[in-house]
file final36.txt (compact mmCIF, C-alpha atoms)
# COMPACT_ATOMS: atom_id res chain seq x y z
CA MET G 1 45.16 98.72 51.88
CA PRO G 2 46.36 99.30 55.48
CA PRO G 3 43.91 100.63 58.10
CA LEU G 4 44.03 104.41 58.39
CA ASN G 5 43.48 105.10 62.10
CA PRO G 6 46.90 103.84 63.35
CA ILE G 7 48.56 105.72 60.49
CA LEU G 8 46.84 108.98 61.43
CA ALA G 9 47.88 108.45 65.06
CA THR G 10 51.46 108.33 63.82
CA VAL G 11 50.99 111.46 61.69
CA ALA G 12 49.59 113.21 64.76
CA LEU G 13 53.05 112.87 66.29
CA LEU G 14 54.16 115.58 63.88
CA ALA G 15 51.96 118.04 65.75
CA GLY G 16 54.12 120.42 67.71
CA LEU G 17 57.33 118.99 66.27
CA VAL G 18 57.32 120.64 62.84
CA PHE G 19 58.01 124.31 62.31
CA ALA G 20 58.55 125.50 58.77
CA PRO G 21 60.43 128.79 58.41
CA ALA G 22 57.64 130.99 57.15
CA ALA G 23 57.39 134.63 58.12
CA ALA G 24 55.75 134.56 61.54
CA ASN G 25 56.28 138.23 62.35
CA ALA G 26 56.37 141.15 59.94
CA ASN G 27 59.27 142.67 61.88
CA ASP G 28 61.27 139.52 61.28
CA ALA G 29 60.20 138.72 57.73
CA SER G 30 63.79 138.89 56.49
CA THR G 31 64.80 136.00 58.75
CA GLY G 32 61.55 134.09 58.41
CA GLY G 33 61.04 133.99 62.17
CA ALA G 34 59.77 135.71 65.29
CA ARG G 35 61.05 137.19 68.54
CA GLY G 36 59.48 137.79 71.93
CA ILE G 37 57.20 134.75 71.77
CA PHE G 38 58.00 133.24 75.18
CA ASP G 39 54.77 131.74 76.61
CA ASP G 40 52.77 132.90 73.57
CA ARG G 41 49.77 130.70 72.86
CA TYR G 42 49.31 129.15 69.41
CA CYS G 43 47.42 126.35 67.64
CA GLU G 44 47.93 124.23 64.55
CA ILE G 45 45.76 122.44 62.02
CA LEU G 46 47.21 119.50 60.07
CA THR G 47 45.33 118.41 56.95
CA VAL G 48 46.08 114.90 55.69
CA GLU G 49 45.59 113.63 52.15
CA ARG G 50 46.18 110.00 51.27
CA GLN G 51 48.17 109.51 48.07
CA MET G 52 48.67 105.80 47.33
CA LEU G 53 51.25 104.60 49.87
CA ALA G 54 52.00 108.06 51.26
CA LEU G 55 50.25 110.79 53.21
CA LYS G 56 50.56 114.45 52.25
CA VAL G 57 50.45 116.56 55.41
CA THR G 58 49.93 120.33 55.28
CA VAL G 59 50.63 122.28 58.46
CA TYR G 60 48.90 125.57 59.31
CA ASN G 61 49.32 127.61 62.49
CA THR G 62 48.31 130.87 64.13
CA ILE G 63 51.81 132.20 64.82
CA GLY G 64 52.00 135.93 64.13
CA LEU G 65 48.26 136.20 63.43
CA ASN G 66 46.38 135.59 66.69
CA ASP G 67 46.55 133.73 70.00
CA CYS G 68 44.07 131.01 68.98
CA PRO G 69 40.99 132.28 70.88
CA ALA G 70 39.64 129.49 73.10
CA GLN G 71 35.99 129.76 72.13
CA ALA G 72 36.74 129.77 68.41
CA TRP G 73 39.24 126.90 68.75
CA ASN G 74 36.86 124.74 70.77
CA ALA G 75 34.16 125.32 68.15
CA LEU G 76 36.29 123.80 65.38
CA ASP G 77 35.16 120.28 64.53
CA ALA G 78 37.86 118.18 62.87
CA ASP G 79 35.37 115.88 61.12
CA ALA G 80 33.38 118.82 59.77
CA LEU G 81 36.59 120.44 58.50
CA LYS G 82 37.60 117.16 56.86
CA GLY G 83 34.37 117.10 54.89
CA ALA G 84 34.50 120.77 53.97
CA LEU G 85 38.10 120.55 52.77
CA GLY G 86 37.72 117.18 51.04
CA VAL G 87 40.76 115.67 52.76
CA THR G 88 41.41 112.31 54.40
CA ALA G 89 41.67 113.72 57.90
CA VAL G 90 42.13 116.90 59.91
CA ILE G 91 44.17 116.93 63.13
CA LYS G 92 43.84 119.71 65.70
CA ASN G 93 47.01 120.45 67.63
CA GLY G 94 46.66 122.91 70.46
CA PRO G 95 46.52 125.03 72.30
CA ARG G 96 50.27 125.17 72.88
CA HIS G 97 52.59 127.76 74.41
CA TRP G 98 56.17 128.47 73.37
CA THR G 99 58.97 128.02 75.91
CA ILE G 100 61.43 129.65 73.52
CA ASP G 101 61.87 133.38 72.97
CA GLY G 102 62.49 133.41 69.25
CA ILE G 103 62.67 131.47 66.00
CA GLU G 104 65.00 132.06 63.10
CA GLY G 105 63.96 130.29 59.91
CA ARG G 106 66.40 129.23 57.24
CA GLY G 107 65.94 127.83 53.77
CA ALA G 108 62.88 128.34 51.57
CA SER G 109 59.89 129.98 53.19
CA ILE G 110 56.28 129.47 52.31
CA ALA G 111 54.52 132.75 51.53
CA SER G 112 50.76 132.42 51.55
CA ALA G 113 47.71 134.42 52.49
CA PRO G 114 46.00 133.41 55.74
CA THR G 115 43.52 130.53 55.57
CA MET G 116 40.39 130.70 57.71
CA PHE G 117 39.45 127.72 59.83
CA GLY G 118 36.12 128.78 61.24
CA THR G 119 36.89 132.28 62.53
CA ILE G 120 40.60 131.57 63.18
CA ALA G 121 43.17 132.80 60.66
CA MET G 122 46.17 130.53 60.09
CA THR G 123 49.12 130.54 57.72
CA GLN G 124 50.38 127.52 55.81
CA ARG G 125 53.82 126.68 57.22
CA ALA G 126 54.83 123.34 55.73
CA THR G 127 53.87 120.59 53.31
CA LEU G 128 55.47 117.21 53.74
CA GLU G 129 54.96 113.57 52.93
CA ARG G 130 55.07 110.59 55.29
CA LYS G 131 55.17 106.97 54.18
CA LEU G 132 52.35 104.77 55.44
CA PHE G 133 54.78 102.42 57.16
CA GLY G 134 57.62 103.02 59.57
CA GLY G 135 59.54 106.11 60.55
CA MET G 136 57.80 107.15 63.79
CA THR G 137 56.41 105.66 66.98
CA GLU G 138 53.60 106.74 69.27
CA GLU G 139 55.62 106.16 72.45
CA SER G 140 56.45 109.05 74.77
CA TYR G 141 60.17 109.77 75.25
CA ALA G 142 61.05 107.98 71.99
CA PRO G 143 63.42 110.16 69.91
CA GLN G 144 62.04 111.11 66.50
CA GLU G 145 63.80 112.73 63.56
CA VAL G 146 61.90 115.63 61.98
CA ASP G 147 62.99 117.54 58.88
CA ARG G 148 63.56 121.11 60.02
CA ASP G 149 66.05 123.91 59.33
CA THR G 150 65.61 126.42 62.16
CA VAL G 151 67.25 128.13 65.10
CA PHE G 152 65.30 128.27 68.36
CA VAL G 153 66.50 131.14 70.56
CA PHE G 154 66.29 130.80 74.34
CA ALA G 155 66.73 134.22 75.95
CA ALA G 156 69.01 135.12 78.84
CA GLY G 157 67.16 135.50 82.12
CA LYS G 158 64.38 133.10 81.08
CA PRO G 159 63.88 129.58 82.44
CA VAL G 160 64.55 126.50 80.33
CA PHE G 161 63.04 123.08 80.97
CA GLU G 162 65.08 120.04 80.04
CA LEU G 163 65.04 116.25 79.85
CA THR G 164 68.28 114.29 80.11
CA ASP G 165 68.37 110.68 78.93
CA THR G 166 70.60 107.83 80.07
CA GLN G 167 73.22 108.66 77.42
CA GLY G 168 73.50 112.26 78.56
CA HIS G 169 71.54 113.74 75.67
CA VAL G 170 69.72 116.90 76.74
CA TYR G 171 66.35 117.85 75.24
CA MET G 172 65.16 121.45 75.68
CA MET G 173 61.40 122.06 75.85
CA GLN G 174 60.20 124.08 72.86
CA SER G 175 56.49 124.17 73.78
CA TYR G 176 54.08 122.98 76.43
CA ALA G 177 50.66 121.64 75.55
CA GLN G 178 47.18 122.11 76.99
CA MET G 179 45.47 119.17 75.30
CA VAL G 180 45.98 116.53 77.98
CA ASP G 181 45.91 119.04 80.84
CA PRO G 182 44.01 122.19 79.79
CA LYS G 183 45.15 123.97 82.99
CA LEU G 184 48.88 123.41 82.51
CA SER G 185 50.68 126.75 82.77
CA LEU G 186 54.18 128.16 82.68
CA ALA G 187 54.19 128.30 86.49
CA ASP G 188 53.62 124.52 86.62
CA LEU G 189 56.72 123.67 84.59
CA THR G 190 59.22 124.16 87.42
CA ASP G 191 57.84 121.11 89.24
CA LEU G 192 56.69 119.21 86.16
CA GLY G 193 59.17 116.41 86.78
CA SER G 194 57.13 115.19 89.74
CA ARG G 195 54.17 114.59 87.39
CA LEU G 196 56.01 112.80 84.62
CA THR G 197 56.56 109.06 84.44
CA LEU G 198 60.09 109.28 83.12
CA PRO G 199 61.94 106.28 81.68
CA GLU G 200 64.40 104.73 84.11
CA GLY G 201 67.55 106.84 84.29
CA TRP G 202 65.98 109.95 82.74
CA ARG G 203 65.65 113.22 84.66
CA TYR G 204 63.80 116.51 84.33
CA SER G 205 65.40 119.79 85.38
CA THR G 206 65.06 123.54 85.02
CA ARG G 207 67.50 126.44 85.13
CA ILE G 208 67.73 130.15 84.32
CA LEU G 209 69.95 131.08 81.39
CA ASP G 210 72.70 133.64 81.98
CA ALA G 211 73.17 134.14 78.23
CA ASP G 212 71.13 133.59 75.08
CA TYR G 213 71.23 130.02 73.77
CA ARG G 214 70.74 129.13 70.10
CA LEU G 215 69.41 125.62 69.47
CA GLU G 216 70.05 124.82 65.81
CA ALA G 217 68.46 122.21 63.57
CA LYS G 218 70.47 121.90 60.39
CA GLY G 219 68.06 119.92 58.26
CA VAL G 220 67.04 117.41 60.93
CA ALA G 221 65.86 117.93 64.53
CA VAL G 222 65.77 115.09 67.07
CA VAL G 223 62.71 115.53 69.25
CA VAL G 224 60.75 113.79 72.00
CA ARG G 225 57.34 114.27 73.59
CA ASP G 226 56.33 113.51 77.16
CA GLU G 227 52.98 111.99 78.12
CA LEU G 228 51.42 115.47 78.40
CA GLN G 229 52.43 116.13 74.75
CA ASN G 230 54.99 118.78 75.68
CA THR G 231 57.73 118.79 73.04
CA TYR G 232 61.52 118.93 73.40
CA GLN G 233 64.43 119.18 70.95
CA ARG G 234 67.86 117.62 71.48
CA ARG G 235 70.78 120.01 72.00
call {"tool": "encode", "arguments": {"input": "final36.txt", "output": "structure tokens"}}
result
Amino acid sequence: MPPLNPILATVALLAGLVFAPAAANANDASTGGARGIFDDRYCEILTVERQMLALKVTVYNTIGLNDCPAQAWNALDADALKGALGVTAVIKNGPRHWTIDGIEGRGASIASAPTMFGTIAMTQRATLERKLFGGMTEESYAPQEVDRDTVFVFAAGKPVFELTDTQGHVYMMQSYAQMVDPKLSLADLTDLGSRLTLPEGWRYSTRILDADYRLEAKGVAVVVRDELQNTYQRR
């Protein structure tokens, strides 16, 4: 059987890239999404179960329930959760902050009661399987395909933060992370390009939108992560 640690490192790449269209806000339950979430803080828990030559990954997050209180989040021990839940592994993803203003979910939603991880309530958002071999890479700035059927809404008057690759593809930041740099804030994103070690020919830029922009994923989203684990989706 293949060693598990490299496989789990690959599964961890899903963190921050997957959003299943479950009802994140009671006011938006009909669309399976949320509005007014720009710079909102959230966290995710991924539970991993090994099933022969595949891994079953279940994604939970705090969206619409709480802002992932720091003390409670820091107190969560992934190894202790793994034992309590009887799963192969538990991956903590967060804290993160949205750089989008809204989410519109499409397709089937998962309706479930909140699950408690320590004192933090989370909702199950997705269940998916990943093969043990192939499909993803751990490298920063490497495009990945993620199954997702959503619309991310970027609001007029708000800043957007973008990567442009050598082929002219533009990736819009969907969330920034505070795992590598716990002090990273929205104010830091304007000059983030000076901190990133971008691939040759890539560039980082920011602008203010003069109209709402809808970034659609019709079944598949192409995403990248930078070395700070901030996540971006291709336009």
call {"tool": "closest_residue", "arguments": {"input": "final36.txt", "among": "G:Arg96, G:Arg214, G:Arg195, G:Lys56", "to": "Thr231 of chain G", "atoms": "all atoms listed in the file"}}
result
G:Arg96
call {"tool": "residues_near_point", "arguments": {"input": "final36.txt", "point": "(46.6, 120.0, 81.0)", "cutoff": "12 Å", "atoms": "all atoms listed in the file", "output": "PyMOL selection string"}}
result
chain G and resi 94-97+176-186+188-189+192+195+227-230
call {"tool": "residues_near_point", "arguments": {"input": "final36.txt", "point": "(38.4, 113.4, 57.1)", "cutoff": "8 Å", "atoms": "only C-alpha atoms", "output": "JSON, numbers by chain"}}
result
{"G": [48, 78, 79, 80, 81, 82, 83, 86, 87, 88, 89, 90]}
call {"tool": "write_last_selection", "arguments": {"input": "final36.txt", "atoms": "C-alpha atoms", "output": "compact mmCIF listing (two decimals), in the frame of the given file"}}
result
# COMPACT_ATOMS: atom_id res chain seq x y z
CA VAL G 48 46.08 114.90 55.69
CA ALA G 78 37.86 118.18 62.87
CA ASP G 79 35.37 115.88 61.12
CA ALA G 80 33.38 118.82 59.77
CA LEU G 81 36.59 120.44 58.50
CA LYS G 82 37.60 117.16 56.86
CA GLY G 83 34.37 117.10 54.89
CA GLY G 86 37.72 117.18 51.04
CA VAL G 87 40.76 115.67 52.76
CA THR G 88 41.41 112.31 54.40
CA ALA G 89 41.67 113.72 57.90
CA VAL G 90 42.13 116.90 59.91
call {"tool": "closest_residue", "arguments": {"input": "final36.txt", "among": "G:Thr123, G:Thr164, G:Glu145, G:Arg234", "to": "Val220 of chain G", "atoms": "all atoms listed in the file"}}
result
G:Glu145
call {"tool": "atom_distance", "arguments": {"input": "final36.txt", "atom1": "atom CA of Arg125 of chain G", "atom2": "atom CA of Gln51 of chain G"}}
result
20.3 Å
call {"tool": "closest_residue", "arguments": {"input": "final36.txt", "among": "G:Asp191, G:Asp101, G:Glu44, G:Asp77", "to": "Arg207 of chain G", "atoms": "all atoms listed in the file"}}
result
G:Asp191
call {"tool": "closest_residue", "arguments": {"input": "final36.txt", "among": "G:Ile37, G:Cys68, G:Leu85, G:Leu198", "to": "Ala155 of chain G", "atoms": "all atoms listed in the file"}}
result
G:Ile37
call {"tool": "atom_distance", "arguments": {"input": "final36.txt", "atom1": "atom CA of Asn61 of chain G", "atom2": "atom CA of Lys92 of chain G"}}
result
10.1 Å
call {"tool": "closest_residue", "arguments": {"input": "final36.txt", "among": "G:Val222, G:Leu46, G:Ile120, G:Ala113", "to": "Gln71 of chain G", "atoms": "only C-alpha atoms"}}
result
G:Ile120
call {"tool": "atom_distance", "arguments": {"input": "final36.txt", "atom1": "atom CA of Leu196 of chain G", "atom2": "atom CA of Asp226 of chain G"}}
result
7.5 Å
call {"tool": "closest_residue", "arguments": {"input": "final36.txt", "among": "G:Phe161, G:Phe117, G:Phe154, G:Trp98", "to": "Ala75 of chain G", "atoms": "only C-alpha atoms"}}
result
G:Phe117
call {"tool": "residues_around", "arguments": {"input": "final36.txt", "residues": "Tyr213 of chain G", "least_positions_apart": "4", "cutoff": "12 Å", "atoms": "all atoms listed in the file", "output": "list in words"}}
result
Ile100, Asp101, Gly102, Ile103, Val151, Phe152, Val153, Phe154, Ala155, Ala156, Gly157, Lys158, Pro159, Val160, Met172, Ile208, Leu209 and Arg235 of chain G
